[in-house]
Amino acid sequence: MFAIVEIAGLQYKVEQNQKLFVNRLKGDKGAKVSFDKVLLTVNGAVTVGAPAVSGITVDVEILDHVQADKVIVFKKKRRKGYAKKNGHRQQLTQILVTGITGFDGAKKEAKKAAPKKAAKAEVTETSESAE
């Protein structure tokens with residue numbers, strides 16, 4: 001079972017009990033956060049959202065706020081005496097996916113939608129036989 005969820009503007013494939021680094025989130029260490037913009041879920045069957053799957057949430061716990069490794073940016077124009085050296089460290093948050101919830105509600109909604117289609121089919125069949 002996994003889901004593709006949008007966290008801080010980026011899409012991640014997440015599974016339960018998975019640790020991952022995302023762009024810095026607001027919140028303290030140990031805080032619980034949930035994301036409801038789930039784009040796709042796979043739980044035996046694939047459910048694709050348009051644009052998001054309703055009723056499904058991804059619950060995470062913030063483990064730590066860290067900085068990524070330094071990236072060196074070096075610019076140079078040869079024979080001109082121009083050289084610039086700059087560094088950057090991205091601010092990251094380490095999170096733990098505690099659960100993907102809401103599958104029961106999604107299944108119930110799908111079951112409710114199916115009988116409506118069957119009822120419409122029965123109505124068309126009865127109207128054809130009456131003619």
# chains A, B, ... in the order shown; residues from 1 in each chain; ligands from 1
>>> residues_around(residues="A:Asp64", least_positions_apart="3", cutoff="10 Å", atoms="only C-alpha atoms", output="count of residues only")
13
>>> residues_around(residues="A:Pro51", least_positions_apart="4", cutoff="12 Å", atoms="only C-alpha atoms", output="PyMOL selection string")
chain A and resi 4-6+36-40+47
>>> select_by_dssp(residues="stretch 2-127 of chain A", states="alpha helix (DSSP H)", output="ChimeraX atom specification")
/A:103-127
>>> write_last_selection(atoms="C-alpha atoms", output="PDB file, in the first residue's frame")
ATOM      1  CA  PHE A 103      -9.474   3.865   2.699  1.00  0.00           C
ATOM      2  CA  ASP A 104     -12.672   2.660   4.412  1.00  0.00           C
ATOM      3  CA  GLY A 105     -14.488   5.876   3.469  1.00  0.00           C
ATOM      4  CA  ALA A 106     -13.268   5.709  -0.105  1.00  0.00           C
ATOM      5  CA  LYS A 107     -14.495   2.120  -0.446  1.00  0.00           C
ATOM      6  CA  LYS A 108     -17.929   3.068   0.940  1.00  0.00           C
ATOM      7  CA  GLU A 109     -18.209   5.977  -1.508  1.00  0.00           C
ATOM      8  CA  ALA A 110     -17.300   3.679  -4.407  1.00  0.00           C
ATOM      9  CA  LYS A 111     -19.902   1.115  -3.309  1.00  0.00           C
ATOM     10  CA  LYS A 112     -22.571   3.809  -3.031  1.00  0.00           C
ATOM     11  CA  ALA A 113     -21.779   5.083  -6.525  1.00  0.00           C
ATOM     12  CA  ALA A 114     -22.061   1.617  -8.112  1.00  0.00           C
ATOM     13  CA  PRO A 115     -25.739   0.971  -7.193  1.00  0.00           C
ATOM     14  CA  LYS A 116     -26.737   4.322  -8.717  1.00  0.00           C
ATOM     15  CA  LYS A 117     -25.367   3.214 -12.070  1.00  0.00           C
ATOM     16  CA  ALA A 118     -27.187  -0.114 -11.757  1.00  0.00           C
ATOM     17  CA  ALA A 119     -30.435   1.670 -10.897  1.00  0.00           C
ATOM     18  CA  LYS A 120     -30.135   3.838 -14.005  1.00  0.00           C
ATOM     19  CA  ALA A 121     -29.587   0.716 -16.107  1.00  0.00           C
ATOM     20  CA  GLU A 122     -32.743  -0.866 -14.657  1.00  0.00           C
ATOM     21  CA  VAL A 123     -34.769   2.243 -15.437  1.00  0.00           C
ATOM     22  CA  THR A 124     -33.649   2.238 -19.068  1.00  0.00           C
ATOM     23  CA  GLU A 125     -34.423  -1.478 -19.399  1.00  0.00           C
ATOM     24  CA  THR A 126     -37.956  -1.059 -18.007  1.00  0.00           C
ATOM     25  CA  SER A 127     -38.667   1.904 -20.280  1.00  0.00           C
TER      26      SER A 127
END
>>> atom_distance(atom1="atom CA of A:Val42", atom2="atom CA of A:Ile56")
11.4 Å
>>> atom_distance(atom1="atom CA of A:Glu15", atom2="atom CA of A:Ala68")
22.7 Å
>>> closest_residue(among="A:Asn17, A:Gln67, A:Gln90, A:Asn43", to="A:Gly102", atoms="only C-alpha atoms")
A:Asn43
>>> atom_distance(atom1="atom CA of A:Lys13", atom2="atom CA of A:Val73")
29.7 Å
>>> closest_residue(among="A:Ala3, A:Val66, A:Val33, A:Val53", to="A:Gln16", atoms="only C-alpha atoms")
A:Ala3
>>> residues_around(residues="A:Phe35", least_positions_apart="6", cutoff="10 Å", atoms="only C-alpha atoms", output="PyMOL selection string")
chain A and resi 5-8+56-60+100
>>> write_last_selection(atoms="N, CA, C and O atoms", output="PDB file, in the first residue's frame")
ATOM      1  N   VAL A   5       1.672  11.764  -2.664  1.00  0.00           N
ATOM      2  CA  VAL A   5       1.113  12.913  -1.964  1.00  0.00           C
ATOM      3  C   VAL A   5       1.941  14.156  -2.258  1.00  0.00           C
ATOM      4  O   VAL A   5       3.147  14.061  -2.491  1.00  0.00           O
ATOM      5  N   GLU A   6       1.286  15.292  -2.281  1.00  0.00           N
ATOM      6  CA  GLU A   6       1.985  16.556  -2.495  1.00  0.00           C
ATOM      7  C   GLU A   6       2.290  17.174  -1.134  1.00  0.00           C
ATOM      8  O   GLU A   6       1.380  17.466  -0.360  1.00  0.00           O
ATOM      9  N   ILE A   7       3.596  17.350  -0.866  1.00  0.00           N
ATOM     10  CA  ILE A   7       4.061  17.930   0.392  1.00  0.00           C
ATOM     11  C   ILE A   7       4.952  19.116   0.049  1.00  0.00           C
ATOM     12  O   ILE A   7       5.964  18.944  -0.634  1.00  0.00           O
ATOM     13  N   ALA A   8       4.589  20.288   0.510  1.00  0.00           N
ATOM     14  CA  ALA A   8       5.379  21.511   0.318  1.00  0.00           C
ATOM     15  C   ALA A   8       5.688  21.757  -1.159  1.00  0.00           C
ATOM     16  O   ALA A   8       6.788  22.138  -1.517  1.00  0.00           O
ATOM     17  N   ILE A  56      -8.891  10.600   1.595  1.00  0.00           N
ATOM     18  CA  ILE A  56      -7.636   9.944   1.965  1.00  0.00           C
ATOM     19  C   ILE A  56      -6.689  11.001   2.528  1.00  0.00           C
ATOM     20  O   ILE A  56      -6.540  12.082   1.961  1.00  0.00           O
ATOM     21  N   THR A  57      -6.058  10.694   3.666  1.00  0.00           N
ATOM     22  CA  THR A  57      -5.063  11.590   4.249  1.00  0.00           C
ATOM     23  C   THR A  57      -3.810  10.802   4.590  1.00  0.00           C
ATOM     24  O   THR A  57      -3.875   9.608   4.883  1.00  0.00           O
ATOM     25  N   VAL A  58      -2.680  11.490   4.550  1.00  0.00           N
ATOM     26  CA  VAL A  58      -1.397  10.908   4.939  1.00  0.00           C
ATOM     27  C   VAL A  58      -0.971  11.604   6.227  1.00  0.00           C
ATOM     28  O   VAL A  58      -0.815  12.829   6.256  1.00  0.00           O
ATOM     29  N   ASP A  59      -0.821  10.831   7.295  1.00  0.00           N
ATOM     30  CA  ASP A  59      -0.433  11.368   8.590  1.00  0.00           C
ATOM     31  C   ASP A  59       1.060  11.173   8.787  1.00  0.00           C
ATOM     32  O   ASP A  59       1.578  10.069   8.566  1.00  0.00           O
ATOM     33  N   VAL A  60       1.760  12.245   9.187  1.00  0.00           N
ATOM     34  CA  VAL A  60       3.203  12.184   9.400  1.00  0.00           C
ATOM     35  C   VAL A  60       3.554  12.800  10.746  1.00  0.00           C
ATOM     36  O   VAL A  60       2.778  13.556  11.322  1.00  0.00           O
ATOM     37  N   ILE A 100      -1.551   5.973   6.411  1.00  0.00           N
ATOM     38  CA  ILE A 100      -2.358   6.459   5.296  1.00  0.00           C
ATOM     39  C   ILE A 100      -3.784   6.055   5.634  1.00  0.00           C
ATOM     40  O   ILE A 100      -4.102   4.867   5.683  1.00  0.00           O
TER      41      ILE A 100
END
>>> decode(residues="stretch 63-78 of chain A", atoms="all heavy atoms", output="mmCIF file, in the first residue's frame")
data_model
loop_
_atom_site.group_PDB
_atom_site.id
_atom_site.type_symbol
_atom_site.label_atom_id
_atom_site.label_comp_id
_atom_site.auth_asym_id
_atom_site.auth_seq_id
_atom_site.Cartn_x
_atom_site.Cartn_y
_atom_site.Cartn_z
ATOM 1 N N LEU A 63 10.214 14.521 12.685
ATOM 2 C CA LEU A 63 11.290 13.970 13.502
ATOM 3 C C LEU A 63 12.359 15.000 13.814
ATOM 4 O O LEU A 63 12.844 15.066 14.941
ATOM 5 C CB LEU A 63 11.932 12.770 12.788
ATOM 6 C CG LEU A 63 11.036 11.567 12.529
ATOM 7 C CD1 LEU A 63 11.805 10.492 11.786
ATOM 8 C CD2 LEU A 63 10.483 11.020 13.831
ATOM 9 N N ASP A 64 12.752 15.804 12.806
ATOM 10 C CA ASP A 64 13.863 16.732 13.007
ATOM 11 C C ASP A 64 13.884 17.769 11.891
ATOM 12 O O ASP A 64 13.371 17.524 10.801
ATOM 13 C CB ASP A 64 15.190 15.959 13.017
ATOM 14 C CG ASP A 64 16.326 16.732 13.650
ATOM 15 O OD1 ASP A 64 16.065 17.787 14.257
ATOM 16 O OD2 ASP A 64 17.475 16.263 13.548
ATOM 17 N N HIS A 65 14.478 18.923 12.195
ATOM 18 C CA HIS A 65 14.746 19.943 11.183
ATOM 19 C C HIS A 65 16.256 19.946 10.963
ATOM 20 O O HIS A 65 17.025 20.107 11.903
ATOM 21 C CB HIS A 65 14.286 21.323 11.662
ATOM 22 C CG HIS A 65 12.802 21.415 11.828
ATOM 23 N ND1 HIS A 65 11.920 21.379 10.779
ATOM 24 C CD2 HIS A 65 12.035 21.540 12.938
ATOM 25 C CE1 HIS A 65 10.684 21.482 11.221
ATOM 26 N NE2 HIS A 65 10.727 21.585 12.533
ATOM 27 N N VAL A 66 16.677 19.772 9.714
ATOM 28 C CA VAL A 66 18.101 19.650 9.396
ATOM 29 C C VAL A 66 18.438 20.508 8.186
ATOM 30 O O VAL A 66 17.556 21.082 7.542
ATOM 31 C CB VAL A 66 18.493 18.178 9.129
ATOM 32 C CG1 VAL A 66 18.318 17.327 10.368
ATOM 33 C CG2 VAL A 66 17.687 17.604 7.985
ATOM 34 N N GLN A 67 19.736 20.562 7.872
ATOM 35 C CA GLN A 67 20.214 21.206 6.666
ATOM 36 C C GLN A 67 20.851 20.144 5.767
ATOM 37 O O GLN A 67 21.519 19.241 6.249
ATOM 38 C CB GLN A 67 21.261 22.267 6.983
ATOM 39 C CG GLN A 67 20.692 23.521 7.615
ATOM 40 C CD GLN A 67 21.762 24.573 7.803
ATOM 41 O OE1 GLN A 67 22.908 24.246 8.098
ATOM 42 N NE2 GLN A 67 21.387 25.825 7.642
ATOM 43 N N ALA A 68 20.640 20.299 4.470
ATOM 44 C CA ALA A 68 21.231 19.368 3.511
ATOM 45 C C ALA A 68 22.717 19.666 3.373
ATOM 46 O O ALA A 68 23.228 20.656 3.911
ATOM 47 C CB ALA A 68 20.539 19.492 2.157
ATOM 48 N N ASP A 69 23.422 18.811 2.641
ATOM 49 C CA ASP A 69 24.834 19.040 2.375
ATOM 50 C C ASP A 69 25.004 20.322 1.573
ATOM 51 O O ASP A 69 24.121 20.719 0.803
ATOM 52 C CB ASP A 69 25.427 17.867 1.600
ATOM 53 C CG ASP A 69 25.429 16.589 2.418
ATOM 54 O OD1 ASP A 69 25.435 16.676 3.666
ATOM 55 O OD2 ASP A 69 25.426 15.507 1.799
ATOM 56 N N LYS A 70 26.182 20.936 1.734
ATOM 57 C CA LYS A 70 26.436 22.185 1.043
ATOM 58 C C LYS A 70 26.655 21.936 -0.448
ATOM 59 O O LYS A 70 27.339 21.002 -0.844
ATOM 60 C CB LYS A 70 27.671 22.882 1.617
ATOM 61 C CG LYS A 70 27.934 24.251 0.989
ATOM 62 C CD LYS A 70 29.087 24.963 1.641
ATOM 63 C CE LYS A 70 28.598 25.638 2.894
ATOM 64 N NZ LYS A 70 29.583 26.567 3.444
ATOM 65 N N VAL A 71 26.041 22.802 -1.256
ATOM 66 C CA VAL A 71 26.216 22.777 -2.698
ATOM 67 C C VAL A 71 27.044 24.001 -3.060
ATOM 68 O O VAL A 71 26.682 25.123 -2.714
ATOM 69 C CB VAL A 71 24.862 22.814 -3.426
ATOM 70 C CG1 VAL A 71 25.053 22.862 -4.922
ATOM 71 C CG2 VAL A 71 24.017 21.623 -3.035
ATOM 72 N N ILE A 72 28.175 23.802 -3.730
ATOM 73 C CA ILE A 72 29.059 24.898 -4.118
ATOM 74 C C ILE A 72 28.651 25.404 -5.496
ATOM 75 O O ILE A 72 28.519 24.627 -6.446
ATOM 76 C CB ILE A 72 30.532 24.445 -4.149
ATOM 77 C CG1 ILE A 72 30.951 23.884 -2.789
ATOM 78 C CG2 ILE A 72 31.438 25.586 -4.577
ATOM 79 C CD1 ILE A 72 30.893 24.873 -1.655
ATOM 80 N N VAL A 73 28.456 26.712 -5.589
ATOM 81 C CA VAL A 73 28.150 27.352 -6.860
ATOM 82 C C VAL A 73 29.371 28.191 -7.216
ATOM 83 O O VAL A 73 29.706 29.151 -6.522
ATOM 84 C CB VAL A 73 26.900 28.253 -6.748
ATOM 85 C CG1 VAL A 73 26.598 28.921 -8.068
ATOM 86 C CG2 VAL A 73 25.723 27.443 -6.252
ATOM 87 N N PHE A 74 30.067 27.838 -8.303
ATOM 88 C CA PHE A 74 31.289 28.538 -8.715
ATOM 89 C C PHE A 74 31.092 29.071 -10.121
ATOM 90 O O PHE A 74 30.804 28.319 -11.050
ATOM 91 C CB PHE A 74 32.499 27.595 -8.663
ATOM 92 C CG PHE A 74 33.789 28.286 -8.942
ATOM 93 C CD1 PHE A 74 34.359 29.146 -8.023
ATOM 94 C CD2 PHE A 74 34.442 28.091 -10.146
ATOM 95 C CE1 PHE A 74 35.556 29.791 -8.271
ATOM 96 C CE2 PHE A 74 35.637 28.728 -10.420
ATOM 97 C CZ PHE A 74 36.198 29.585 -9.473
ATOM 98 N N LYS A 75 31.241 30.382 -10.252
ATOM 99 C CA LYS A 75 31.081 31.030 -11.555
ATOM 100 C C LYS A 75 32.420 31.636 -11.950
ATOM 101 O O LYS A 75 33.098 32.243 -11.123
ATOM 102 C CB LYS A 75 30.026 32.128 -11.484
ATOM 103 C CG LYS A 75 28.653 31.622 -11.116
ATOM 104 C CD LYS A 75 27.668 32.760 -11.022
ATOM 105 C CE LYS A 75 26.311 32.238 -10.615
ATOM 106 N NZ LYS A 75 25.328 33.333 -10.515
ATOM 107 N N LYS A 76 32.771 31.491 -13.223
ATOM 108 C CA LYS A 76 34.052 32.016 -13.696
ATOM 109 C C LYS A 76 33.937 32.386 -15.168
ATOM 110 O O LYS A 76 33.284 31.695 -15.935
ATOM 111 C CB LYS A 76 35.154 30.978 -13.525
ATOM 112 C CG LYS A 76 36.504 31.459 -13.982
ATOM 113 C CD LYS A 76 37.572 30.410 -13.801
ATOM 114 C CE LYS A 76 38.886 30.949 -14.311
ATOM 115 N NZ LYS A 76 39.984 30.048 -14.111
ATOM 116 N N LYS A 77 34.559 33.506 -15.513
ATOM 117 C CA LYS A 77 34.699 33.888 -16.914
ATOM 118 C C LYS A 77 36.185 33.919 -17.203
ATOM 119 O O LYS A 77 36.918 34.713 -16.611
ATOM 120 C CB LYS A 77 34.060 35.246 -17.178
ATOM 121 C CG LYS A 77 32.552 35.230 -16.996
ATOM 122 C CD LYS A 77 31.908 36.522 -17.388
ATOM 123 C CE LYS A 77 30.409 36.426 -17.186
ATOM 124 N NZ LYS A 77 29.731 37.691 -17.487
ATOM 125 N N ARG A 78 36.622 33.046 -18.069
ATOM 126 C CA ARG A 78 38.054 32.922 -18.312
ATOM 127 C C ARG A 78 38.623 34.183 -18.976
ATOM 128 O O ARG A 78 37.953 34.849 -19.750
ATOM 129 C CB ARG A 78 38.363 31.673 -19.126
ATOM 130 C CG ARG A 78 37.710 31.631 -20.463
ATOM 131 C CD ARG A 78 37.932 30.285 -21.109
ATOM 132 N NE ARG A 78 37.430 30.320 -22.481
ATOM 133 C CZ ARG A 78 37.903 29.593 -23.435
ATOM 134 N NH1 ARG A 78 38.900 28.766 -23.204
ATOM 135 N NH2 ARG A 78 37.394 29.666 -24.632
#
